[in-house]
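Right, one structure below, let's go through it.
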Amino acid sequence: MATNPTDRDPLNRATTVLLVDDDEKVRKWIHEELERRGYNLLEACDGEDALLIAELHRGPVDIVLTDIVMPKLNGPEFVKVLLGLRPDAKVLYISGYPESFLRNNTSLPSRDNYLQKPFEISTLIARITDLLGS
């Protein structure tokens with residue numbers, strides 16, 4: 001999907017997103033699309049890497065987009081530790097697994113904080129906007 005300069009929201013420049021996904025193609029696509037729209041991006045390939053980034057990053061982390069099923073430290077485990085470091089961060093879980101599988105096999109907290117892959121970038125941005133507004 002082509003993006004023109006009017007898609008860039010100046011308010012997004014103040015929003016820092018920590019993107020955590022073990023799938024490099026997914027990470028790259030989300031990173032490019034959000035950055036193009038003015039978001040500040042921090043990127044990690046797993047929960048352990050993301051915790052290190054969150055500890056070292058001096059600025060705010062407004063929202064965390066994290067895959068659920070990842071090696072080393074899964075999304076819910078990572079978020080539990082992260083919220084001790086960054087209690088104000090909003091969280092949006094993303095996954096290619098169906099919600100029913102996740103409910104039975106992980107500690108997915110709320111359907112309000114879940115977006116199933118694949119998704120359109122416009123849907124992701126709407127969910128980010130909703131979470132940051134709440």
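Labels used: A, B, ... for chains in the order of the structure tokens, numbers from 1 for residues in each chain, and numbers from 1 for ligands as shown.
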
Check: When DSSP works through the backbone of this structure, what residues of range 11-133 of chain A end up as helix (DSSP H, G or I), shown as an MDAnalysis selection string?
Finding: chainID A and resid 11:14 24:36 47:56 75:85 99:105 111:113 121:133

For Leu115 in chain A, work out the shell of residues within 7 Å, counting only C-alpha atoms and skipping chain neighbours fewer than 3 positions away, then give it as an mmCIF file with N, CA and C atoms, in the first residue's frame.
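Output file result-v4.cif is given in full below:
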```
data_model
loop_
_atom_site.group_PDB
_atom_site.id
_atom_site.type_symbol
_atom_site.label_atom_id
_atom_site.label_comp_id
_atom_site.auth_asym_id
_atom_site.auth_seq_id
_atom_site.Cartn_x
_atom_site.Cartn_y
_atom_site.Cartn_z
ATOM 1 N N TYR A 93 -1.013 -7.122 21.841
ATOM 2 C CA TYR A 93 -0.478 -8.418 21.418
ATOM 3 C C TYR A 93 -0.887 -8.672 19.979
ATOM 4 N N ILE A 94 0.051 -9.207 19.203
ATOM 5 C CA ILE A 94 -0.240 -9.591 17.823
ATOM 6 C C ILE A 94 0.199 -11.045 17.639
ATOM 7 N N SER A 95 -0.575 -11.804 16.875
ATOM 8 C CA SER A 95 -0.219 -13.208 16.673
ATOM 9 C C SER A 95 -0.925 -13.775 15.459
#
```

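Taking only C-alpha atoms, the non-local environment of Leu51 in chain A within 9 Å (same-chain residues fewer than 4 positions away omitted) comprises A:Ala44, A:Asp46, A:Gly47, A:Glu55, A:Leu56, A:Phe78, A:Val79, A:Val81, A:Leu82, A:Leu85.
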
Next item on the list: Excluding Asp62 in chain A and any residue of its chain fewer than 2 positions from it, enumerate the residues within 7 Å of it, using only C-alpha atoms, and give them as a list of chain:residue names.
Entry: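 Skipping anything fewer than 2 positions along the chain leaves A:Thr15, A:Thr16, A:Val17, A:Pro60, A:Ala89, A:Lys90.
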
Note to self: What's around Tyr39 in chain A at 8 Å? Count only C-alpha atoms, leave out sequence neighbours fewer than 2 positions away in its own chain, and write the answer as a ChimeraX atom specification.
What the structure shows: /A:12-17,34-37,41

Quick one: write out the picked residues with N, CA and C atoms as a PDB file, in the first residue's frame?
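Generated output (again-v6.pdb):
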```pdb
ATOM      1  N   ASN A  12       2.083  11.676  15.954  1.00  0.00           N
ATOM      2  CA  ASN A  12       2.768  10.395  16.107  1.00  0.00           C
ATOM      3  C   ASN A  12       4.233  10.568  16.454  1.00  0.00           C
ATOM      4  N   ARG A  13       4.807  11.734  16.160  1.00  0.00           N
ATOM      5  CA  ARG A  13       6.229  11.951  16.424  1.00  0.00           C
ATOM      6  C   ARG A  13       6.554  11.828  17.906  1.00  0.00           C
ATOM      7  N   ALA A  14       5.576  12.025  18.743  1.00  0.00           N
ATOM      8  CA  ALA A  14       5.796  11.913  20.191  1.00  0.00           C
ATOM      9  C   ALA A  14       5.528  10.503  20.690  1.00  0.00           C
ATOM     10  N   THR A  15       5.119   9.579  19.829  1.00  0.00           N
ATOM     11  CA  THR A  15       4.760   8.226  20.240  1.00  0.00           C
ATOM     12  C   THR A  15       5.906   7.262  19.955  1.00  0.00           C
ATOM     13  N   THR A  16       6.364   6.587  21.007  1.00  0.00           N
ATOM     14  CA  THR A  16       7.418   5.585  20.855  1.00  0.00           C
ATOM     15  C   THR A  16       6.806   4.203  20.977  1.00  0.00           C
ATOM     16  N   VAL A  17       7.085   3.378  19.980  1.00  0.00           N
ATOM     17  CA  VAL A  17       6.565   2.017  19.898  1.00  0.00           C
ATOM     18  C   VAL A  17       7.727   1.040  20.066  1.00  0.00           C
ATOM     19  N   LEU A  34       4.971   2.061  10.243  1.00  0.00           N
ATOM     20  CA  LEU A  34       4.768   2.994  11.353  1.00  0.00           C
ATOM     21  C   LEU A  34       5.756   4.155  11.299  1.00  0.00           C
ATOM     22  N   GLU A  35       6.986   3.857  10.959  1.00  0.00           N
ATOM     23  CA  GLU A  35       7.983   4.926  10.845  1.00  0.00           C
ATOM     24  C   GLU A  35       7.595   5.931   9.761  1.00  0.00           C
ATOM     25  N   ARG A  36       7.073   5.431   8.675  1.00  0.00           N
ATOM     26  CA  ARG A  36       6.622   6.288   7.574  1.00  0.00           C
ATOM     27  C   ARG A  36       5.526   7.247   8.035  1.00  0.00           C
ATOM     28  N   ARG A  37       4.778   6.822   9.038  1.00  0.00           N
ATOM     29  CA  ARG A  37       3.682   7.648   9.562  1.00  0.00           C
ATOM     30  C   ARG A  37       4.109   8.489  10.758  1.00  0.00           C
ATOM     31  N   LEU A  41      10.335   4.183  16.523  1.00  0.00           N
ATOM     32  CA  LEU A  41      10.327   2.735  16.691  1.00  0.00           C
ATOM     33  C   LEU A  41      11.564   2.228  17.400  1.00  0.00           C
TER      34      LEU A  41
END
```

Check: What separation in Å, quoted to one decimal, exists between CA of Arg86 in chain A and CA of Ile125 in chain A?
Finding: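 These two atoms are separated by 21.4 Å.
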
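Counting only C-alpha atoms, the residue from A:Leu65, A:Phe119, A:Asp130, A:Gly59 that sits nearest to His31 in chain A is A:Leu65.
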
Notebook entry, point to check: How far is it from CA of Asn40 in chain A to CA of Asn74 in chain A, in Å with one decimal?
Noted result: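 Distance reported for this atom pair: 23.4 Å.
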
Next item on the list: Grab the CA of Asp49 in chain A to CA of Leu73 in chain A distance for me, in Å with one decimal place.
Entry: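 Separation between CA of Asp49 in chain A and CA of Leu73 in chain A: 9.2 Å.
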
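Nearest to Pro76 in chain A of all the residues A:Ile53, A:Arg27, A:Val61, A:Val91 is A:Val91, based on only C-alpha atoms.
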